[in-house]
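Taking it in order: structure first as structure tokens, then the write-up.
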Amino acid sequence: MIKHDAVLPPELFYPIDEWRWVEKSFAPQFLAQAETIFAVSNGYLGMRGAFGEGEPAYRHGTFVNGCHETWPIPYGEWAFGFATTGQTIVNLPDAKIIRLYVDDEPFDLGSARILRFERALDMRAGTLDRQVLWETPAGRQVLVESRRLVSFHEKHVAAIQYRVTVLNAPASLVLSSEIVHHGPARGELANDPRLARSVSERVLAFQGGQGADRRIVLSYVTKNSGMGLVCGIDHTLESDCPSSFKAAWSEDAARVTFLVDAQPSKPTTLTKYITYHTSRFDKTDELHDRAARTLDRVVGHGFGQLLADQRTYLDDFWERSDIQISAERPRLQQCGRWNNFQLIQAAGRADHSGIPAKGLTSQTYDGHYFWDMEMYVLPFLIYTSPRLARNVLRYRYSILDKARSRARAVNQKGALFPWRTINGEEASAYYAAGTAQYHINAAIAHAIVKYVDITGDRDFLYECGAEMLVETARLWYDLGFFSERKDGRFCIHRVTGPDEYTTVVNNNTYTNLMARQNLRCAADAVAQVEQGSPDHFRALVLRTGLEPGEAADWRRAAERMFVSFDERLGIHPQDDDFLDLKKWDFDNIPPDKYPLLLHFHPLVIYRHQVIKQADVVLAMFLLGDEFSPEQKKRNFDYYDELTTGDSSLSACIQSIVAFEIGYEELALRYLMNALLMDLGDVSGNVKDGCHIASMGGTWMGVVYGAAGLRDYGGRLSFYPNQQVRDLRFRLTVRGQRLAVHIRTGEATYHLEQGEGLTVYHRDERLDLKPGEPVRRP
């Protein structure tokens, strides 16, 4: 259900600009939220959108994807197989700080007299731009202009251009460019299990520093995980006014201070180049050399080259990924682009890592990777940036051995991928809503199959995908059993589905259906590899110890999978016991008691029919060909009124299914909530980072919901919703570029690149040829 509709941000502070997210005045009441909204990242390196002068700030944050500290998970009562080692992404030394002093007066937005202010996240340029006109107590009018970027082209690089112009009088300027340790996160995090573990001790051990001219490089090692980190800064200064500088550093800070005798209307431009390099092992000497080479290169090329490369990268991204909607809704166009921009900021240079649930916008969820990657983000990447999708799946392959070990730790065969992780080890301390969510295996299998179907990348299937499918199928076959009490049906007991308000149940419908797909696809993959590449098949057998007859066992389990159906209600029960529980009293629980996980003991929640996020409804989207239209409608009607929306993963899925069953108005309301999850602060916690999965879900809500795409078995079918006025997007399918344009009463399919592609429009087959658009009502 929708507890309240999303509200668009006020145009007074955030005006409409289709390619920029603009803040027109300094708004301290939105300070915390804005630090997330104005964050910049490339998927490897991310910086929250806090002001570069250091204050005012809610929570500074600089993160490198995968750079983490480990810690022993404390248990009051330990049990066999519990996860042992926690992992938390490290808030790194902050190199974006540039403090400004004019005649020794510090520039602090919290107390300054501001005559003009504008800050904008430019989604085509990939920069965070700010312009402030400040009047000092002495009457000096100072124009401060800055531009910050984290480079997509130079993975390890961020840069800031900071220009100061005193307009009406001479003045003494001090520009203090710093690397700062902000210390541990605030203690308030301890009361919300979704947020980062509060670490009181310092996790970075100083290894040394070096400096020369305007450059400083500092080296660290994380105390427990042993990861190496090097942070370096270098500078150029452009000014027609007399200037000097000095540099100093210590274990806790580094500073290069520039002193300028500024003259009226003569700008001083400081350009700060920043680099972070990390290693899984203590290799700080090597990292220092790499950082030095990086700084040599980018300083030599200059800030203009970084800007040009950034624009080139993003021009290519938007060419493949932009969604254009009716010109009558420019605000929604702006919000949609901001969502998609956050997706590329989270995934662009993730390379050998996963995609954290919050991207690199905060430490929330400890910087962990969840099933969100495969279920919500990968569809967007598969259809717009297939190389990035492949990188994510290769990351999963890189931790397959640890998944095998995790299966042994919980007494199972095959592989069990961790519910939440950075380094591949299970980091969930609460097994009921963590390890018991075995469906993460099926999510990874589903993503592998979709990736191969849509991209045609058989090499990935042969080299990596089939092996993961084999090991996940083994887990399901070992986990389940053929139940005599269920007429020999294959049952899976004591698991948790996507709905974390109902845990450790028997025959969760979503889990059983997804496990069935996993088992079938694994058997199919084995046959495909054996027939298509005997050499790869021999290697697969060698790596997995695949036995003759295993694939046949998986097929038998899939065919005999138990899927419950209640004839009286005409619905699929969420699990064996769900319908026997008491319904949650929505009418008498006040809004301030949501999300329930922060206000009720888990056992209270578990005793009720109440749903955190789409469960059966998600199955109806992913495996829609397993349900009849009548079943979809009855299931949706029953479960929608029980769904709290306490998870940001729910609205997008409910929107897609609502579109399919003809609930257009409700579908649009859900889609709007997903679209504005962060910009409208729907969940009230955008200050703690972006909801990256919801952004991927919003893309799905448009493409799978409004445009009606279905891609079962790699066959692309479109069932455009009749309410769509004007919608354009592109999909990359098996190396070909398909442009889709839906208008009132008509859909156009145009193969812009490629040799030929077959799609279906309302079950009519269309054989597309390049340069020949096909229109259908």
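Residues are named by chain letter and number: chains run A, B, ... in the order of the structure tokens, numbers start at 1 in each chain, and ligands are numbered from 1 in the order shown.
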
| Do you know which residues are at most 9 Å from segment 503-513 of chain A counting only C-alpha atoms, after dropping those on the same chain fewer than 2 positions away, and could you put them as number ranges by chain? | A: 432-433, 436-439, 442, 490-501, 515-518, 558, 561-564, 572-578, 606, 615-620, 623, 626

Please report, as JSON lines, each residue of segment 604-656 of chain A lying at most 7 Å from segment 583-596 of chain A, together with the nearest pair of atoms and the separation in Å rounded to one decimal; use only C-alpha atoms, and order rows by chain and ascending residue number.
{"residue": "A:His608", "atom": "CA", "partner": "A:Lys583", "partner_atom": "CA", "distance": 5.4}
{"residue": "A:Gln609", "atom": "CA", "partner": "A:Lys583", "partner_atom": "CA", "distance": 4.5}
{"residue": "A:Val610", "atom": "CA", "partner": "A:Trp584", "partner_atom": "CA", "distance": 5.6}
{"residue": "A:Asp646", "atom": "CA", "partner": "A:Pro595", "partner_atom": "CA", "distance": 5.1}

| request: Provide the atom CA of Ser353 of chain A to atom CA of Gly52 of chain A distance in Å, to one decimal place. | output: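 Distance between the two atoms: 27.8 Å.
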
| said: Calculated over only C-alpha atoms, which of the candidates A:Val392, A:Ile454, A:Ile179, A:Ala523 has the smallest distance to Lys96 of chain A? | reply: A:Ile179

| Neighbours of Arg130 of chain A within 6 Å (only C-alpha atoms; same-chain residues fewer than 2 positions away dropped), as a PyMOL selection string? | chain A and resi 118-119+145-146

| task | To one decimal in Å, tell me the separation between atom CA of Arg406 of chain A and atom CA of Asp478 of chain A. | result | 14.1 Å

| message | Nearest residue to Gly414 of chain A out of A:Thr384, A:Thr544, A:Ser428, A:Ser648, using only C-alpha atoms? | response |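 Looking at the shortest contact to Gly414 of chain A, the residue is A:Thr544.
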
| task | Would you kindly return, as a VMD selection string, each protein, DNA or RNA residue with an atom no farther than 9 Å from any atom of Pro777 of chain A, considering only C-alpha atoms and excluding same-chain residues fewer than 5 positions away? | result | chain A and resid 744 to 748

Residues just named, written with N, CA, C and O atoms as a JSON list (two decimals), in the first residue's frame:
[["chain", "number", "residue", "atom", "x", "y", "z"],
["A", 744, "THR", "N", 1.09, 8.34, -27.55],
["A", 744, "THR", "CA", -0.33, 8.00, -27.39],
["A", 744, "THR", "C", -0.82, 7.25, -28.61],
["A", 744, "THR", "O", -0.82, 7.76, -29.73],
["A", 745, "GLY", "N", -1.19, 5.99, -28.40],
["A", 745, "GLY", "CA", -1.77, 5.20, -29.48],
["A", 745, "GLY", "C", -0.79, 4.60, -30.47],
["A", 745, "GLY", "O", -1.20, 3.98, -31.45],
["A", 746, "GLU", "N", 0.53, 4.73, -30.23],
["A", 746, "GLU", "CA", 1.48, 4.23, -31.23],
["A", 746, "GLU", "C", 2.83, 3.93, -30.59],
["A", 746, "GLU", "O", 3.28, 4.62, -29.68],
["A", 747, "ALA", "N", 3.48, 2.89, -31.09],
["A", 747, "ALA", "CA", 4.85, 2.56, -30.67],
["A", 747, "ALA", "C", 5.71, 2.39, -31.92],
["A", 747, "ALA", "O", 5.27, 1.80, -32.91],
["A", 748, "THR", "N", 6.94, 2.91, -31.85],
["A", 748, "THR", "CA", 7.88, 2.81, -32.95],
["A", 748, "THR", "C", 9.13, 2.10, -32.48],
["A", 748, "THR", "O", 9.70, 2.44, -31.43]]

| field | Near-Trp338 of chain A list (12 Å; only C-alpha atoms; drop same-chain fewer than 4 positions) as a ChimeraX atom specification | value | /A:16-22,37-40,120-124,126,318,322-323,331-334,342-345,675-679,690,692,695-696,698-699

Can you spit out the residues from that selection as a short mmCIF file (atom, residue, chain, number, x, y, z; two decimals), in the first residue's frame, using N, CA and C atoms?
data_model
loop_
_atom_site.label_atom_id
_atom_site.label_comp_id
_atom_site.auth_asym_id
_atom_site.auth_seq_id
_atom_site.Cartn_x
_atom_site.Cartn_y
_atom_site.Cartn_z
N ILE A 16 13.77 23.82 -11.80
CA ILE A 16 13.78 22.83 -12.87
C ILE A 16 14.91 23.12 -13.84
N ASP A 17 15.71 22.11 -14.11
CA ASP A 17 16.76 22.15 -15.14
C ASP A 17 16.97 20.71 -15.55
N GLU A 18 16.65 20.38 -16.78
CA GLU A 18 16.58 18.98 -17.18
C GLU A 18 17.91 18.23 -17.09
N TRP A 19 19.03 18.97 -17.13
CA TRP A 19 20.32 18.30 -17.10
C TRP A 19 21.15 18.61 -15.86
N ARG A 20 20.60 19.39 -14.96
CA ARG A 20 21.33 19.71 -13.73
C ARG A 20 20.38 19.62 -12.54
N TRP A 21 20.93 19.24 -11.39
CA TRP A 21 20.18 19.37 -10.15
C TRP A 21 20.73 20.59 -9.44
N VAL A 22 19.89 21.63 -9.31
CA VAL A 22 20.34 22.95 -8.92
C VAL A 22 19.78 23.33 -7.56
N ILE A 37 22.61 14.07 -2.12
CA ILE A 37 22.12 14.42 -3.46
C ILE A 37 23.23 14.99 -4.34
N PHE A 38 24.18 15.71 -3.74
CA PHE A 38 25.25 16.33 -4.51
C PHE A 38 26.56 15.54 -4.44
N ALA A 39 26.49 14.28 -4.06
CA ALA A 39 27.68 13.44 -4.03
C ALA A 39 28.19 13.21 -5.46
N VAL A 40 29.51 13.02 -5.58
CA VAL A 40 30.12 12.68 -6.87
C VAL A 40 30.93 11.40 -6.70
N ALA A 120 25.19 23.22 -8.29
CA ALA A 120 24.53 22.39 -9.30
C ALA A 120 25.34 21.14 -9.58
N LEU A 121 24.65 20.02 -9.61
CA LEU A 121 25.23 18.77 -10.09
C LEU A 121 24.91 18.68 -11.57
N ASP A 122 25.94 18.82 -12.39
CA ASP A 122 25.77 18.82 -13.85
C ASP A 122 25.91 17.39 -14.34
N MET A 123 24.82 16.82 -14.85
CA MET A 123 24.79 15.40 -15.18
C MET A 123 25.32 15.09 -16.56
N ARG A 124 25.56 16.11 -17.38
CA ARG A 124 26.25 15.89 -18.65
C ARG A 124 27.75 16.11 -18.50
N GLY A 126 29.32 15.94 -15.55
CA GLY A 126 29.83 15.11 -14.48
C GLY A 126 30.60 15.90 -13.44
N TRP A 318 24.90 8.70 -21.84
CA TRP A 318 23.53 9.20 -22.08
C TRP A 318 23.01 8.76 -23.44
N ASP A 322 19.78 7.28 -21.77
CA ASP A 322 18.82 8.32 -21.44
C ASP A 322 17.39 7.84 -21.68
N ILE A 323 16.53 8.23 -20.78
CA ILE A 323 15.09 8.03 -20.95
C ILE A 323 14.47 9.41 -21.10
N ARG A 331 10.11 18.48 -14.79
CA ARG A 331 10.60 18.13 -13.47
C ARG A 331 10.84 16.64 -13.37
N LEU A 332 9.93 15.84 -13.91
CA LEU A 332 10.11 14.39 -13.88
C LEU A 332 11.29 13.98 -14.75
N GLN A 333 11.49 14.68 -15.87
CA GLN A 333 12.66 14.42 -16.70
C GLN A 333 13.94 14.65 -15.91
N GLN A 334 13.98 15.75 -15.18
CA GLN A 334 15.14 16.08 -14.37
C GLN A 334 15.38 15.00 -13.31
N GLN A 342 22.96 8.62 -10.92
CA GLN A 342 23.44 7.94 -9.71
C GLN A 342 23.82 6.49 -10.01
N LEU A 343 23.13 5.86 -10.94
CA LEU A 343 23.46 4.48 -11.28
C LEU A 343 24.84 4.39 -11.92
N ILE A 344 25.16 5.30 -12.82
CA ILE A 344 26.49 5.23 -13.44
C ILE A 344 27.55 5.68 -12.44
N GLN A 345 27.20 6.59 -11.53
CA GLN A 345 28.16 6.97 -10.49
C GLN A 345 28.47 5.78 -9.56
N LEU A 675 10.65 6.93 -8.13
CA LEU A 675 11.42 7.98 -8.78
C LEU A 675 11.93 9.00 -7.78
N LEU A 676 11.10 9.34 -6.79
CA LEU A 676 11.44 10.39 -5.83
C LEU A 676 11.92 9.82 -4.49
N MET A 677 12.33 8.56 -4.48
CA MET A 677 12.76 7.93 -3.23
C MET A 677 13.78 8.79 -2.50
N ASP A 678 14.72 9.36 -3.25
CA ASP A 678 15.75 10.19 -2.63
C ASP A 678 15.47 11.68 -2.80
N LEU A 679 15.13 12.11 -3.99
CA LEU A 679 14.92 13.54 -4.22
C LEU A 679 13.72 14.05 -3.43
N CYS A 690 22.23 7.32 -0.97
CA CYS A 690 21.30 7.04 -2.06
C CYS A 690 20.77 5.61 -1.97
N ILE A 692 20.37 3.03 -4.23
CA ILE A 692 20.78 2.69 -5.59
C ILE A 692 19.85 1.66 -6.22
N MET A 695 16.77 3.12 -7.63
CA MET A 695 17.02 3.83 -8.89
C MET A 695 17.02 2.85 -10.07
N GLY A 696 17.67 1.69 -9.86
CA GLY A 696 17.58 0.67 -10.89
C GLY A 696 16.15 0.20 -11.07
N THR A 698 13.52 2.01 -10.60
CA THR A 698 12.78 3.06 -11.31
C THR A 698 12.95 2.91 -12.81
N TRP A 699 14.18 2.62 -13.24
CA TRP A 699 14.40 2.34 -14.67
C TRP A 699 13.53 1.16 -15.10
#

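Going from atom CA of Val299 of chain A to atom CA of Asp234 of chain A covers 7.6 Å.
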
Spatial neighbours of Thr758 of chain A, 9 Å, only C-alpha atoms, chain gap at least 5 places, as an mmCIF file with N, CA and C atoms, in the first residue's frame:
data_model
loop_
_atom_site.group_PDB
_atom_site.id
_atom_site.type_symbol
_atom_site.label_atom_id
_atom_site.label_comp_id
_atom_site.auth_asym_id
_atom_site.auth_seq_id
_atom_site.Cartn_x
_atom_site.Cartn_y
_atom_site.Cartn_z
ATOM 1 N N ARG A 715 13.488 -13.492 -25.251
ATOM 2 C CA ARG A 715 12.562 -12.987 -26.272
ATOM 3 C C ARG A 715 11.998 -11.650 -25.790
ATOM 4 N N LEU A 716 12.201 -10.604 -26.577
ATOM 5 C CA LEU A 716 11.764 -9.268 -26.202
ATOM 6 C C LEU A 716 10.353 -9.009 -26.708
ATOM 7 N N ARG A 765 4.978 -10.532 -34.145
ATOM 8 C CA ARG A 765 6.420 -10.608 -34.421
ATOM 9 C C ARG A 765 6.828 -9.491 -35.373
ATOM 10 N N LEU A 766 7.922 -8.808 -34.995
ATOM 11 C CA LEU A 766 8.474 -7.748 -35.833
ATOM 12 C C LEU A 766 9.935 -8.072 -36.107
ATOM 13 N N ASP A 767 10.272 -8.252 -37.365
ATOM 14 C CA ASP A 767 11.655 -8.509 -37.755
ATOM 15 C C ASP A 767 12.269 -7.184 -38.194
ATOM 16 N N LEU A 768 13.034 -6.597 -37.297
ATOM 17 C CA LEU A 768 13.566 -5.257 -37.524
ATOM 18 C C LEU A 768 14.848 -5.303 -38.342
ATOM 19 N N LYS A 769 14.965 -4.339 -39.238
ATOM 20 C CA LYS A 769 16.178 -4.169 -40.026
ATOM 21 C C LYS A 769 16.732 -2.769 -39.779
#

| message | For Val740 of chain A, find every residue with an atom within 6 Å (counting only C-alpha atoms), except residues of its own chain fewer than 5 positions away, and show them as number ranges by chain. | response | A: 728-729, 748-749

| query | With only C-alpha atoms as the atoms that count, which of A:His181, A:Arg202, A:Arg349, A:Lys633 lies nearest to Ala254 of chain A? | reply |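 So, comparing all the options, the nearest one is A:His181.
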
| said: Could you pull out the strand (DSSP E or B) residues of segment 24-234 of chain A, going by DSSP on the backbone, and write them as number ranges by chain? | reply: A: 40-41, 45-47, 62-64, 68-72, 85-89, 94-102, 105-106, 113-122, 127-135, 141-150, 157-166, 171-180, 204-212, 215-222, 228-234

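Take the candidates A:Gly488, A:Lys687, A:Tyr719, A:Val174 and check each one against Leu31 of chain A using only C-alpha atoms; the shortest distance goes to A:Lys687.
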